[in-house]
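Data block for structure.txt (compact mmCIF, C-alpha atoms):
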```txt
# COMPACT_ATOMS: atom_id res chain seq x y z
CA MET A 360 -3.73 27.27 48.63
CA GLU A 361 -2.20 29.08 45.65
CA SER A 362 1.51 28.91 44.83
CA ASN A 363 1.94 32.66 45.38
CA GLN A 364 0.49 32.30 48.89
CA LEU A 365 2.93 29.51 49.71
CA GLN A 366 5.81 31.67 48.49
CA ALA A 367 4.63 34.47 50.75
CA MET A 368 4.48 32.15 53.79
CA ILE A 369 7.56 30.00 53.15
CA GLN A 370 10.88 31.51 52.10
CA PRO A 371 12.37 29.91 48.96
CA PRO A 372 15.27 27.53 49.77
CA THR A 373 18.62 29.26 49.31
CA ILE A 374 22.11 28.69 50.68
CA VAL A 375 21.77 31.74 52.93
CA ASN A 376 18.45 30.50 54.36
CA LYS A 377 19.94 27.07 55.08
CA VAL A 378 22.86 28.62 56.96
CA ILE A 379 20.49 30.81 59.00
CA GLU A 380 18.28 27.84 59.88
CA THR A 381 21.34 25.81 60.94
CA PHE A 382 22.93 28.36 63.28
CA ALA A 383 19.95 30.41 64.40
CA THR A 384 16.43 29.95 65.66
CA LYS A 385 14.86 31.67 62.63
CA PHE A 386 12.69 29.37 60.54
CA ALA A 387 11.61 29.59 56.89
CA VAL A 388 7.90 29.60 57.73
CA LYS A 389 6.60 33.05 58.60
CA LYS A 390 4.41 33.56 61.68
CA ALA A 391 1.96 35.97 60.03
CA LEU A 392 -0.47 35.04 57.27
CA PRO A 393 0.01 36.70 53.85
CA GLU A 394 -2.11 39.77 53.06
CA GLY A 395 -5.49 38.79 51.64
CA MET A 396 -5.77 35.39 53.36
CA LEU A 397 -8.62 36.59 55.57
CA THR A 398 -10.51 38.56 52.91
CA ARG A 399 -13.25 37.54 50.46
CA ILE A 400 -10.55 36.74 47.86
CA PRO A 401 -8.01 34.74 49.89
CA TRP A 402 -6.42 33.32 46.74
CA ARG A 403 -4.99 36.73 45.72
CA ARG A 404 -2.28 38.80 47.41
CA ALA A 405 -3.05 42.43 48.17
CA GLY A 406 -1.11 45.40 46.81
CA LEU A 407 0.16 43.84 43.59
CA VAL A 408 1.78 46.28 41.15
CA TYR A 409 3.15 45.49 37.68
CA ALA A 410 4.89 47.92 35.35
CA MET A 411 3.33 46.01 32.42
CA ASN A 412 0.05 44.17 32.88
CA ARG A 413 -0.54 40.99 30.89
CA ILE A 414 -2.72 37.90 30.96
CA SER A 415 -1.96 34.68 29.07
CA LEU A 416 -4.31 31.76 28.47
CA ILE A 417 -2.96 28.36 27.48
CA ILE A 418 -5.38 25.66 26.29
CA LEU A 419 -3.73 22.26 26.76
CA GLU A 420 -5.30 19.01 25.56
CA GLU A 421 -4.11 15.47 26.25
CA ILE A 422 -5.29 12.89 23.70
CA ASN A 423 -5.88 9.22 24.56
CA CYS A 424 -6.94 7.02 21.66
CA VAL A 425 -6.36 3.91 19.55
CA MET A 426 -5.47 4.18 15.85
CA HIS A 427 -5.79 1.40 13.29
CA GLY A 428 -5.33 1.63 9.56
CA GLU A 429 -4.24 5.04 8.30
CA TYR A 430 -7.09 7.28 9.36
CA LYS A 431 -9.32 5.25 11.73
CA VAL A 432 -9.34 6.49 15.33
CA SER A 433 -11.38 4.85 18.09
CA ASN A 434 -11.81 5.04 21.88
CA CYS A 435 -10.85 8.70 21.87
CA GLU A 436 -10.79 10.63 25.14
CA VAL A 437 -9.50 14.15 25.63
CA LYS A 438 -8.52 15.75 28.92
CA GLY A 439 -8.23 19.50 28.52
CA SER A 440 -7.23 22.34 30.80
CA VAL A 441 -7.18 26.10 30.52
CA VAL A 442 -4.12 27.47 32.28
CA CYS A 443 -4.05 31.17 33.12
CA ASP A 444 -0.90 33.19 33.75
CA SER A 445 -2.00 36.45 35.35
CA ARG A 446 0.39 39.36 35.87
CA LEU A 447 -2.14 42.08 36.72
CA SER A 448 -1.99 44.94 39.22
CA GLY A 449 -4.50 45.62 41.96
CA THR A 450 -7.73 43.63 42.01
CA PRO A 451 -8.73 43.03 38.38
CA ASP A 452 -12.02 41.48 37.35
CA VAL A 453 -11.77 39.21 34.29
CA SER A 454 -14.54 37.98 31.97
CA LEU A 455 -13.75 35.23 29.46
CA THR A 456 -15.86 33.57 26.77
CA PHE A 457 -15.07 30.61 24.46
CA ASN A 458 -15.76 30.09 20.76
CA ARG A 459 -17.29 26.66 21.52
CA PRO A 460 -18.69 26.99 25.05
CA TYR A 461 -20.58 23.67 24.85
CA LEU A 462 -17.26 21.83 25.08
CA VAL A 463 -16.63 23.00 28.65
CA LYS A 464 -20.11 22.68 30.16
CA ASP A 465 -18.95 19.74 32.31
CA ALA A 466 -15.81 21.22 33.81
CA VAL A 467 -13.91 21.41 37.07
CA LEU A 468 -13.54 25.10 37.96
CA HIS A 469 -10.96 26.96 40.01
CA ARG A 470 -12.49 28.40 43.18
CA CYS A 471 -12.05 31.96 41.89
CA VAL A 472 -14.67 31.39 39.13
CA ARG A 473 -18.16 32.68 39.87
CA ILE A 474 -20.68 29.86 39.47
CA LYS A 475 -23.78 31.84 38.41
CA PRO A 476 -22.39 33.35 35.12
CA PHE A 477 -20.86 29.98 34.22
CA ARG A 478 -24.15 28.12 34.65
CA LYS A 479 -26.07 30.79 32.77
CA ASN A 480 -23.99 31.12 29.56
CA THR A 481 -20.68 29.29 30.22
CA ARG A 482 -18.92 32.62 30.79
CA LEU A 483 -15.94 32.67 33.15
CA SER A 484 -16.09 35.62 35.52
CA PHE A 485 -13.31 35.74 38.12
CA ILE A 486 -10.70 37.68 40.08
CA PRO A 487 -7.55 35.71 39.27
CA PRO A 488 -4.78 34.62 41.62
CA ASP A 489 -1.39 36.09 40.89
CA GLY A 490 0.81 34.01 38.61
CA ARG A 491 0.12 30.71 36.86
CA PHE A 492 -2.84 28.51 37.81
CA THR A 493 -5.33 26.06 36.23
CA LEU A 494 -8.54 27.97 35.56
CA LEU A 495 -10.62 24.94 34.55
CA THR A 496 -10.33 21.30 33.52
CA TYR A 497 -12.68 19.58 31.08
CA PHE A 498 -13.16 16.07 29.67
CA LEU A 499 -14.39 15.05 26.23
CA ARG A 500 -15.34 11.61 24.94
CA ARG A 501 -16.02 12.06 21.24
CA PRO A 502 -14.46 11.34 17.82
CA CYS A 503 -11.21 13.30 17.70
CA GLU A 504 -9.21 14.60 14.77
CA LEU A 505 -5.48 13.95 14.69
CA PRO A 506 -2.99 16.05 12.70
CA LEU A 507 -1.04 13.03 11.44
CA TYR A 508 -1.59 9.50 10.17
CA ILE A 509 0.43 6.38 10.98
CA LYS A 510 0.33 3.08 9.14
CA ALA A 511 2.27 0.18 10.65
CA SER A 512 2.87 -3.30 9.30
CA VAL A 513 4.75 -6.20 10.95
CA THR A 514 5.09 -9.54 9.16
CA TYR A 515 6.72 -12.58 10.78
CA THR A 516 8.78 -14.97 8.64
CA LEU A 517 9.64 -18.65 9.05
CA ASN A 518 13.33 -17.98 9.71
CA GLY A 519 12.80 -16.13 13.01
CA THR A 520 12.65 -12.55 11.79
CA ALA A 521 9.98 -9.85 11.52
CA ASN A 522 9.74 -7.40 8.64
CA VAL A 523 8.71 -3.93 9.81
CA GLY A 524 7.25 -1.09 7.76
CA ILE A 525 5.95 2.15 9.29
CA ARG A 526 4.88 5.27 7.42
CA MET A 527 3.49 8.49 8.82
CA GLY A 528 2.72 11.95 7.55
CA LEU A 529 0.80 15.15 8.23
CA LYS A 530 -2.92 15.41 7.46
CA LYS A 531 -2.79 19.17 8.02
CA GLN A 532 -0.03 21.74 8.26
CA VAL A 533 0.54 21.67 12.00
CA LEU A 534 3.82 22.04 13.89
CA ILE A 535 4.49 18.61 15.44
CA GLU A 536 7.50 18.20 17.74
CA ASN A 537 9.08 15.57 20.00
CA VAL A 538 7.68 12.60 18.07
CA LYS A 539 8.45 9.24 19.66
CA ILE A 540 7.18 5.93 18.25
CA GLY A 541 7.70 2.94 20.52
CA ILE A 542 7.50 -0.64 19.17
CA PHE A 543 7.33 -3.34 21.85
CA PHE A 544 8.81 -6.69 20.77
CA PRO A 545 9.17 -9.84 22.94
CA LYS A 546 12.33 -9.98 25.06
CA GLU A 547 13.60 -12.78 22.77
CA MET A 548 14.52 -10.15 20.17
CA ILE A 549 18.31 -10.22 19.68
CA ASN A 550 19.04 -7.96 16.72
CA VAL A 551 17.58 -4.76 15.23
CA ASN A 552 18.13 -3.75 11.61
CA LEU A 553 15.77 -0.82 11.09
CA LYS A 554 16.50 2.27 9.00
CA PRO A 555 14.51 5.51 9.36
CA SER A 556 14.30 8.02 6.52
CA VAL A 557 14.20 10.75 9.19
CA GLY A 558 15.18 10.62 12.86
CA THR A 559 17.06 8.09 14.98
CA ILE A 560 16.53 4.57 16.40
CA GLN A 561 17.08 3.38 19.98
CA SER A 562 16.59 -0.07 21.50
CA ASN A 563 16.01 -0.47 25.24
CA GLU A 564 14.88 -3.05 27.76
CA THR A 565 11.53 -2.19 29.35
CA GLU A 566 11.33 -1.69 33.10
CA VAL A 567 9.49 -4.96 33.70
CA GLY A 568 11.95 -6.83 31.49
CA SER A 569 9.32 -8.74 29.49
CA TYR A 570 9.71 -6.66 26.31
CA ARG A 571 12.36 -4.97 24.22
CA GLU A 572 11.33 -1.51 23.06
CA VAL A 573 12.52 -0.01 19.78
CA GLN A 574 12.07 3.75 19.70
CA TRP A 575 11.87 5.89 16.58
CA ILE A 576 12.54 9.50 17.56
CA LEU A 577 12.00 12.66 15.50
CA GLU A 578 12.66 16.11 16.90
CA LYS A 579 10.23 17.67 14.44
CA MET A 580 7.77 16.25 11.91
CA PRO A 581 8.76 17.31 8.35
CA ARG A 582 6.05 19.23 6.49
CA ASN A 583 6.82 18.09 2.94
CA GLU A 584 7.90 14.50 3.53
CA ALA A 585 6.29 11.29 4.81
CA PRO A 586 8.90 9.63 7.09
CA THR A 587 9.28 5.87 6.90
CA LEU A 588 10.87 3.17 9.03
CA THR A 589 11.75 -0.09 7.28
CA GLY A 590 13.86 -3.15 8.01
CA SER A 591 13.70 -6.24 10.21
CA VAL A 592 14.32 -7.56 13.69
CA MET A 593 15.64 -11.01 14.61
CA PHE A 594 14.59 -13.34 17.43
CA LYS A 595 16.28 -16.24 19.20
CA ALA A 596 16.36 -19.54 17.37
CA GLY A 597 13.11 -21.49 17.75
CA PHE A 598 11.09 -18.56 19.09
CA LYS A 599 7.67 -18.06 17.47
CA PRO A 600 5.79 -14.80 18.27
CA THR A 601 2.08 -15.27 18.90
CA SER A 602 0.88 -11.69 18.32
CA LYS A 603 1.88 -8.54 16.54
CA PRO A 604 3.27 -5.63 18.54
CA THR A 605 1.36 -2.47 19.34
CA LEU A 606 2.92 0.93 18.84
CA SER A 607 2.89 3.67 21.46
CA VAL A 608 2.89 7.21 20.04
CA ASN A 609 3.93 10.45 21.71
CA PHE A 610 4.05 13.92 20.17
CA ILE A 611 3.39 17.59 20.95
CA GLY A 612 1.26 19.69 18.60
CA LYS A 613 1.96 23.42 18.79
CA TYR A 614 -0.71 26.10 18.14
CA TRP A 615 -3.36 23.39 17.63
CA ASN A 616 -5.79 21.26 19.60
CA THR A 617 -8.13 18.46 18.60
CA SER A 618 -11.41 19.91 19.94
CA GLY A 619 -11.13 23.31 18.28
CA LEU A 620 -11.75 25.08 21.60
CA GLY A 621 -10.45 28.64 21.64
CA VAL A 622 -10.86 31.91 23.49
CA ASP A 623 -13.44 34.22 21.95
CA LYS A 624 -13.07 37.32 24.11
CA VAL A 625 -11.25 38.47 27.26
CA ASP A 626 -12.33 41.61 29.14
CA VAL A 627 -10.40 42.98 32.11
CA LYS A 628 -11.89 45.62 34.41
CA GLY A 629 -10.31 47.48 37.31
CA LEU A 630 -7.12 48.60 35.54
CA LYS A 631 -6.16 52.07 34.33
CA HIS A 632 -4.65 50.62 31.15
CA GLN A 633 -5.74 47.49 29.31
CA PRO A 634 -3.28 44.59 29.60
CA THR A 635 -1.68 42.65 26.78
CA ARG A 636 -3.49 39.39 26.02
CA GLU A 637 -2.17 36.11 24.63
CA THR A 638 -3.79 32.76 23.85
CA VAL A 639 -1.74 29.62 23.15
CA LEU A 640 -3.03 26.24 21.94
CA GLU A 641 -1.15 23.00 22.52
CA ALA A 642 -2.01 19.30 22.32
CA ARG A 643 -0.03 16.26 23.36
CA THR A 644 -0.62 12.55 23.53
CA GLY A 645 -1.39 10.76 26.76
CA LYS A 646 -1.90 7.08 25.93
CA MET A 647 -2.06 6.71 22.16
CA HIS A 648 -1.63 3.29 20.56
CA VAL A 649 -1.45 2.11 16.95
CA ARG A 650 -2.39 -1.44 15.97
CA CYS A 651 -0.13 -3.09 13.43
CA GLU A 652 -1.59 -4.71 10.33
```

Serialized structure, structure tokens:
Amino acid sequence: MESNQLQAMIQPPTIVNKVIETFATKFAVKKALPEGMLTRIPWRRAGLVYAMNRISLIILEEINCVMHGEYKVSNCEVKGSVVCDSRLSGTPDVSLTFNRPYLVKDAVLHRCVRIKPFRKNTRLSFIPPDGRFTLLTYFLRRPCELPLYIKASVTYTLNGTANVGIRMGLKKQVLIENVKIGIFFPKEMINVNLKPSVGTIQSNETEVGSYREVQWILEKMPRNEAPTLTGSVMFKAGFKPTSKPTLSVNFIGKYWNTSGLGVDKVDVKGLKHQPTRETVLEARTGKMHVRCE
């Protein structure tokens, strides 16, 4: 069931509704089904009217991979989704094609998508639900291109410390935001002396309590500078680490995705005036790890 159908059947929680339910016998769930539930397009409400028609398509990709060295990426998996935000009057019929249709041949489709055109030439033909919904989900297992590089080095010394050096930078001019680098040291770590050239440092206990996490946080990746993190951490006396830490990396890439998938053409029929169209690309990390040298 679509979100707009749920809203039509169940009144949104408000203070007034709570008072009515407390002192009266009126309930939030309506007795009658929403218009359109018993038609051939039960996912769409009937009688929709918008002063301004628009349709937005957002291609989101989640990257899972392992990075070692500066540019080597392995075990790359991408989970992508095409999210549609439809604000169209009446009963519009939408046709959508991609610039690289072979990337979405193995996809999970929303029930509004007609199967025959998709199987024939990977064209999406559909009458959309009202509002925001996931049009399709696809999965890729192939070499992926990242917009930044990260080189990490951790060297243990004989006096119970570890020297840390991390450098990262952009490989292409892409807007990268909400960068968070997590370094997981053993719980025996007692002191952190790390200095970032950009951003801030935080040190926290992990939920399981077996590691201490040092986080390097940048609100936005600088375009003309390669940020660095240098310094050392200290462990309890007599403690000898047996392995080097692995870094976890999180970031959001705006107006970019790793597969290069984009919308080629969007046609909308059944409207008196053509709607405004918008396509947005965005990529973010899922489980991305960097091995230290």

> Nearest to Met411 of chain A among A:Cys651, A:Leu588, A:Thr516, A:Thr635, with distances taken over all atoms listed in the file: which residue is it?
Replying inline: A:Thr635

> Of the candidates A:Ile611, A:Val472, A:Pro581, A:Ser618, which one gets nearest to Arg501 of chain A if we count all atoms listed in the file?
Replying inline: A:Ser618

>> Env of Ile418 of chain A: 12 Å cut, atoms = only C-alpha atoms, seq-sep filter 4 positions within chain, self excluded. Answer as a PyMOL selection string.
In response: chain A and resi 438-444+457+463+493-497+612-622+637-643

> Hey, which of A:Leu577, A:Ile509, A:Val551, A:Val432 ends up closest to Leu529 of chain A? Count only C-alpha atoms.
Replying inline: A:Ile509

> Between A:Glu547, A:Glu504, A:Glu421, A:Asp626, which has the minimum distance to Thr520 of chain A (counting only C-alpha atoms)?
Replying inline: A:Glu547

> Looking at A:Met580, A:Val627, A:Asn434, A:Glu536, which one is nearest to Ser484 of chain A, with distances taken over all atoms listed in the file?
Replying inline: A:Val627

>> I need every residue sitting at most 8 Å from the point (-2.2, 14.8, 13.7) (coordinates as in the file, all atoms listed in the file considered), written as a ChimeraX atom specification.
In response: /A:504-508,529-531,533,535,612

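A straight line drawn from atom CA of Cys503 of chain A to atom CA of Asn583 of chain A is 23.8 Å long.
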